[in-house]
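The structure appears below as structure tokens.
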Amino acid sequence: MKPVLSHPREAEIGRTMSEVMSSNVRTPLGALTAVAELVLLCGLTYLMGRERRRHAYGDLPLDCQHLAQVLLLYIAYFAITLLLNVTAILRLHVSKMAIPVALFGILSLALLIWSMVLLARGAPESCDDELYSALSGVVCYHLVEMCCLAPLEVGREHVHLQVASAREVDQEGGYFIMS
């Protein structure tokens with residue numbers, strides 16, 4: 001006799017973070033998001049490399065230095081995101097890294113808020129418009145990803161869990177779907 005589960009969703013909740021990430025990155029939306037983040041990473045790296053060749057960051061006015069620093073942090077953000085996507089595609093186990101991944105999410109939210117504050121100040125006159133425009137584009141993507149794309153992925157997972165919660169265990173351990 002199979003043990004009776006204490007909660008109808010217990011069988012489905014057993015999915016690890018690695019399994020959830022792997023299934024999410026393999027959807028068309030997940031793949032599109034990963035490609036968009038790779039393009040942003042490459043574009044920002046190119047822009048900041050070109051800016052570095054023009055002059056050292058220390059030579060920039062303070063407002064421009066803040067823009068450059070935030071863009072460099074976004075390069076790190078997209079690099080870490082790319083690394084997480086690659087680990088999900090390769091189905092490597094990242095479940096043990098749940099706390100650092102959660103902290104990364106909190107830090108990315110702080111980066112978004114800091115970026116929005118810089119954008120609200122307006123483009124510094126002493127800065128190259130490319131830095132401000134790049135930050136505007138990255139913030140727009142980050143907002144769309146956070147408010148639209150990620151909830152679509154989480155929503156798909158939520159539907160998966162709802163189906164699992166609709167199951168009940170009968171006395172022989174079998175499952176049936178309630179209508």
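Ligands are numbered from 1 in the order shown, chains are lettered A, B, ... in the order of the structure tokens, and residues start at 1 in each chain.
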What are the closest atom pairs, with distances in Å to one decimal, for all residues of region 102-160 of chain A lying within 12 Å of region 71-78 of chain A? Consider only C-alpha atoms, order rows by chain and residue number, and present the result as a tab-separated table.
residue	atom	partner	partner_atom	distance
A:Phe104	CA	A:Tyr77	CA	8.5
A:Gly105	CA	A:Tyr77	CA	9.7
A:Ile106	CA	A:Tyr77	CA	11.6
A:Leu107	CA	A:Tyr77	CA	9.2
A:Ser108	CA	A:Tyr77	CA	7.1
A:Leu109	CA	A:Tyr77	CA	10.7
A:Ala110	CA	A:Leu73	CA	11.1
A:Leu111	CA	A:Leu73	CA	7.8
A:Leu112	CA	A:Tyr74	CA	9.2
A:Trp114	CA	A:Leu73	CA	10.9
A:Ser115	CA	A:Leu71	CA	8.9
A:Leu118	CA	A:Leu71	CA	11.3
A:Glu130	CA	A:Leu71	CA	11.2
A:Leu131	CA	A:Leu71	CA	7.9
A:Tyr132	CA	A:Leu71	CA	9.5
A:Ser133	CA	A:Leu71	CA	10.9
A:Ala134	CA	A:Leu71	CA	8.0
A:Leu135	CA	A:Leu71	CA	6.6
A:Ser136	CA	A:Leu71	CA	10.3
A:Gly137	CA	A:Leu71	CA	10.9
A:Val138	CA	A:Tyr74	CA	8.0
A:Val139	CA	A:Tyr74	CA	9.5
A:Tyr141	CA	A:Tyr74	CA	11.5
A:His142	CA	A:Tyr74	CA	9.9
Could you save the residues just selected, with N, CA and C atoms, as a tab-separated table (two decimals), in the first residue's frame?
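Produced file part_31.tsv, reproduced below:
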chain	number	residue	atom	x	y	z
A	104	PHE	N	19.98	37.14	-5.49
A	104	PHE	CA	20.24	37.75	-6.79
A	104	PHE	C	18.98	38.46	-7.29
A	105	GLY	N	17.83	37.84	-7.08
A	105	GLY	CA	16.56	38.47	-7.48
A	105	GLY	C	16.31	39.76	-6.72
A	106	ILE	N	16.61	39.75	-5.44
A	106	ILE	CA	16.43	40.96	-4.62
A	106	ILE	C	17.40	42.05	-5.08
A	107	LEU	N	18.65	41.68	-5.33
A	107	LEU	CA	19.64	42.66	-5.80
A	107	LEU	C	19.27	43.21	-7.17
A	108	SER	N	18.68	42.37	-8.03
A	108	SER	CA	18.28	42.85	-9.35
A	108	SER	C	17.14	43.84	-9.23
A	109	LEU	N	16.27	43.65	-8.26
A	109	LEU	CA	15.20	44.61	-8.02
A	109	LEU	C	15.78	45.94	-7.51
A	110	ALA	N	16.77	45.85	-6.63
A	110	ALA	CA	17.44	47.07	-6.15
A	110	ALA	C	18.14	47.80	-7.30
A	111	LEU	N	18.75	47.05	-8.20
A	111	LEU	CA	19.40	47.64	-9.38
A	111	LEU	C	18.37	48.35	-10.25
A	112	LEU	N	17.22	47.74	-10.42
A	112	LEU	CA	16.16	48.35	-11.22
A	112	LEU	C	15.69	49.66	-10.59
A	114	TRP	N	17.39	51.62	-8.50
A	114	TRP	CA	18.46	52.60	-8.61
A	114	TRP	C	18.52	53.16	-10.03
A	115	SER	N	18.36	52.30	-11.01
A	115	SER	CA	18.37	52.73	-12.41
A	115	SER	C	17.23	53.69	-12.70
A	118	LEU	N	18.04	57.10	-11.37
A	118	LEU	CA	18.96	57.80	-12.27
A	118	LEU	C	18.24	58.31	-13.52
A	130	GLU	N	24.24	58.14	-25.50
A	130	GLU	CA	24.18	56.68	-25.66
A	130	GLU	C	24.05	55.96	-24.32
A	131	LEU	N	24.74	56.47	-23.29
A	131	LEU	CA	24.67	55.83	-21.97
A	131	LEU	C	23.26	55.92	-21.41
A	132	TYR	N	22.67	57.10	-21.49
A	132	TYR	CA	21.32	57.30	-20.97
A	132	TYR	C	20.31	56.48	-21.78
A	133	SER	N	20.46	56.48	-23.09
A	133	SER	CA	19.55	55.71	-23.94
A	133	SER	C	19.68	54.21	-23.66
A	134	ALA	N	20.90	53.74	-23.49
A	134	ALA	CA	21.12	52.32	-23.20
A	134	ALA	C	20.48	51.95	-21.87
A	135	LEU	N	20.65	52.80	-20.87
A	135	LEU	CA	20.04	52.52	-19.57
A	135	LEU	C	18.51	52.54	-19.68
A	136	SER	N	17.98	53.47	-20.45
A	136	SER	CA	16.52	53.52	-20.65
A	136	SER	C	16.02	52.22	-21.28
A	137	GLY	N	16.72	51.74	-22.29
A	137	GLY	CA	16.33	50.50	-22.95
A	137	GLY	C	16.42	49.30	-22.04
A	138	VAL	N	17.48	49.23	-21.28
A	138	VAL	CA	17.67	48.10	-20.37
A	138	VAL	C	16.60	48.11	-19.28
A	139	VAL	N	16.30	49.28	-18.76
A	139	VAL	CA	15.26	49.37	-17.72
A	139	VAL	C	13.90	48.98	-18.30
A	141	TYR	N	13.34	46.90	-20.76
A	141	TYR	CA	13.35	45.44	-20.88
A	141	TYR	C	13.17	44.79	-19.51
A	142	HIS	N	13.90	45.27	-18.52
A	142	HIS	CA	13.84	44.69	-17.18
A	142	HIS	C	12.41	44.77	-16.63
Just how far from CA of Val35 (chain A) is CA of Met146 (chain A), in Å to one decimal?
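Computing the Euclidean distance for CA of Met146 (chain A) and CA of Val35 (chain A) yields 15.8 Å.
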Residues near region 80-88 of chain A, anyone? I mean within 12 Å using only C-alpha atoms, not counting same-chain ones fewer than 6 positions away, as a ChimeraX atom specification.
/A:16-27,30-42,73-74,94-95,97-98,100-101,104-105,107-108,142
Can you write out the residues you just picked, keeping N, CA and C atoms, as a tab-separated table (two decimals), in the first residue's frame?
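This is the output file out.tsv:
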chain	number	residue	atom	x	y	z
A	16	THR	N	11.97	20.01	-8.25
A	16	THR	CA	13.05	20.85	-7.74
A	16	THR	C	13.12	22.16	-8.52
A	17	MET	N	13.84	23.11	-7.96
A	17	MET	CA	14.05	24.38	-8.64
A	17	MET	C	14.73	24.15	-9.98
A	18	SER	N	15.66	23.20	-10.03
A	18	SER	CA	16.35	22.87	-11.27
A	18	SER	C	15.37	22.40	-12.34
A	19	GLU	N	14.43	21.54	-11.95
A	19	GLU	CA	13.44	21.03	-12.90
A	19	GLU	C	12.53	22.14	-13.42
A	20	VAL	N	12.12	23.02	-12.51
A	20	VAL	CA	11.25	24.13	-12.91
A	20	VAL	C	11.99	25.06	-13.86
A	21	MET	N	13.24	25.41	-13.52
A	21	MET	CA	14.02	26.30	-14.38
A	21	MET	C	14.27	25.65	-15.74
A	22	SER	N	14.59	24.38	-15.74
A	22	SER	CA	14.86	23.68	-16.99
A	22	SER	C	13.64	23.65	-17.89
A	23	SER	N	12.48	23.39	-17.30
A	23	SER	CA	11.27	23.35	-18.14
A	23	SER	C	10.89	24.75	-18.61
A	24	ASN	N	11.12	25.77	-17.79
A	24	ASN	CA	10.78	27.15	-18.19
A	24	ASN	C	11.68	27.65	-19.32
A	25	VAL	N	12.96	27.36	-19.27
A	25	VAL	CA	13.88	27.87	-20.29
A	25	VAL	C	13.69	27.14	-21.62
A	26	ARG	N	13.06	25.99	-21.59
A	26	ARG	CA	12.83	25.21	-22.81
A	26	ARG	C	11.53	25.58	-23.52
A	27	THR	N	10.74	26.47	-22.95
A	27	THR	CA	9.53	26.94	-23.63
A	27	THR	C	9.92	28.01	-24.65
A	30	GLY	N	10.57	31.21	-22.79
A	30	GLY	CA	11.82	31.14	-22.04
A	30	GLY	C	13.03	31.27	-22.95
A	31	ALA	N	12.99	30.62	-24.11
A	31	ALA	CA	14.10	30.71	-25.07
A	31	ALA	C	14.21	32.13	-25.62
A	32	LEU	N	13.08	32.75	-25.93
A	32	LEU	CA	13.10	34.12	-26.44
A	32	LEU	C	13.67	35.08	-25.40
A	33	THR	N	13.29	34.90	-24.16
A	33	THR	CA	13.82	35.73	-23.08
A	33	THR	C	15.32	35.54	-22.93
A	34	ALA	N	15.79	34.31	-22.99
A	34	ALA	CA	17.23	34.03	-22.87
A	34	ALA	C	18.01	34.67	-24.02
A	35	VAL	N	17.48	34.59	-25.24
A	35	VAL	CA	18.14	35.20	-26.39
A	35	VAL	C	18.17	36.72	-26.26
A	36	ALA	N	17.05	37.31	-25.82
A	36	ALA	CA	17.00	38.76	-25.63
A	36	ALA	C	18.03	39.20	-24.59
A	37	GLU	N	18.17	38.45	-23.53
A	37	GLU	CA	19.15	38.80	-22.50
A	37	GLU	C	20.58	38.64	-23.01
A	38	LEU	N	20.82	37.66	-23.85
A	38	LEU	CA	22.14	37.50	-24.46
A	38	LEU	C	22.46	38.68	-25.37
A	39	VAL	N	21.48	39.11	-26.16
A	39	VAL	CA	21.68	40.26	-27.05
A	39	VAL	C	21.95	41.52	-26.22
A	40	LEU	N	21.21	41.71	-25.14
A	40	LEU	CA	21.45	42.87	-24.28
A	40	LEU	C	22.84	42.81	-23.64
A	41	LEU	N	23.24	41.63	-23.21
A	41	LEU	CA	24.58	41.47	-22.63
A	41	LEU	C	25.66	41.86	-23.64
A	42	CYS	N	25.54	41.36	-24.85
A	42	CYS	CA	26.53	41.67	-25.89
A	42	CYS	C	26.52	43.16	-26.23
A	73	LEU	N	26.85	47.12	-13.87
A	73	LEU	CA	26.11	46.18	-13.03
A	73	LEU	C	25.08	45.39	-13.84
A	74	TYR	N	24.49	46.05	-14.84
A	74	TYR	CA	23.57	45.32	-15.71
A	74	TYR	C	24.31	44.29	-16.55
A	94	VAL	N	20.74	23.25	-9.61
A	94	VAL	CA	20.97	24.54	-8.95
A	94	VAL	C	20.10	24.68	-7.71
A	95	SER	N	19.42	23.62	-7.33
A	95	SER	CA	18.52	23.69	-6.18
A	95	SER	C	19.26	24.06	-4.90
A	97	MET	N	21.47	26.14	-4.72
A	97	MET	CA	21.79	27.57	-4.83
A	97	MET	C	20.54	28.43	-4.71
A	98	ALA	N	19.48	27.91	-4.10
A	98	ALA	CA	18.20	28.64	-4.03
A	98	ALA	C	18.35	29.96	-3.30
A	100	PRO	N	21.18	31.91	-2.82
A	100	PRO	CA	21.87	32.91	-3.65
A	100	PRO	C	21.04	33.39	-4.84
A	101	VAL	N	20.25	32.50	-5.44
A	101	VAL	CA	19.40	32.91	-6.56
A	101	VAL	C	18.33	33.88	-6.07
A	104	PHE	N	19.98	37.14	-5.49
A	104	PHE	CA	20.24	37.75	-6.79
A	104	PHE	C	18.98	38.46	-7.29
A	105	GLY	N	17.83	37.84	-7.08
A	105	GLY	CA	16.56	38.47	-7.48
A	105	GLY	C	16.31	39.76	-6.72
A	107	LEU	N	18.65	41.68	-5.33
A	107	LEU	CA	19.64	42.66	-5.80
A	107	LEU	C	19.27	43.21	-7.17
A	108	SER	N	18.68	42.37	-8.03
A	108	SER	CA	18.28	42.85	-9.35
A	108	SER	C	17.14	43.84	-9.23
A	142	HIS	N	13.90	45.27	-18.52
A	142	HIS	CA	13.84	44.69	-17.18
A	142	HIS	C	12.41	44.77	-16.63
Which parts of region 16-94 of chain A does DSSP call alpha helix (DSSP H) when run on the backbone here, written out as a ChimeraX atom specification?
/A:17-25,28-54,62-89
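Using only C-alpha atoms for every distance, the candidate list A:Val70, A:Leu44, A:Ala150, A:Leu29 yields A:Val70 as the residue closest to Leu119 (chain A).
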Using only C-alpha atoms, the residue out of A:Arg91, A:Cys148, A:Asp129, A:Pro124 with shortest distance to Pro61 (chain A) is A:Pro124
Among A:Leu67, A:Leu60, A:Cys147, A:Ile99, Ser126 (chain A) is approached most closely, using only C-alpha atoms, by A:Leu60
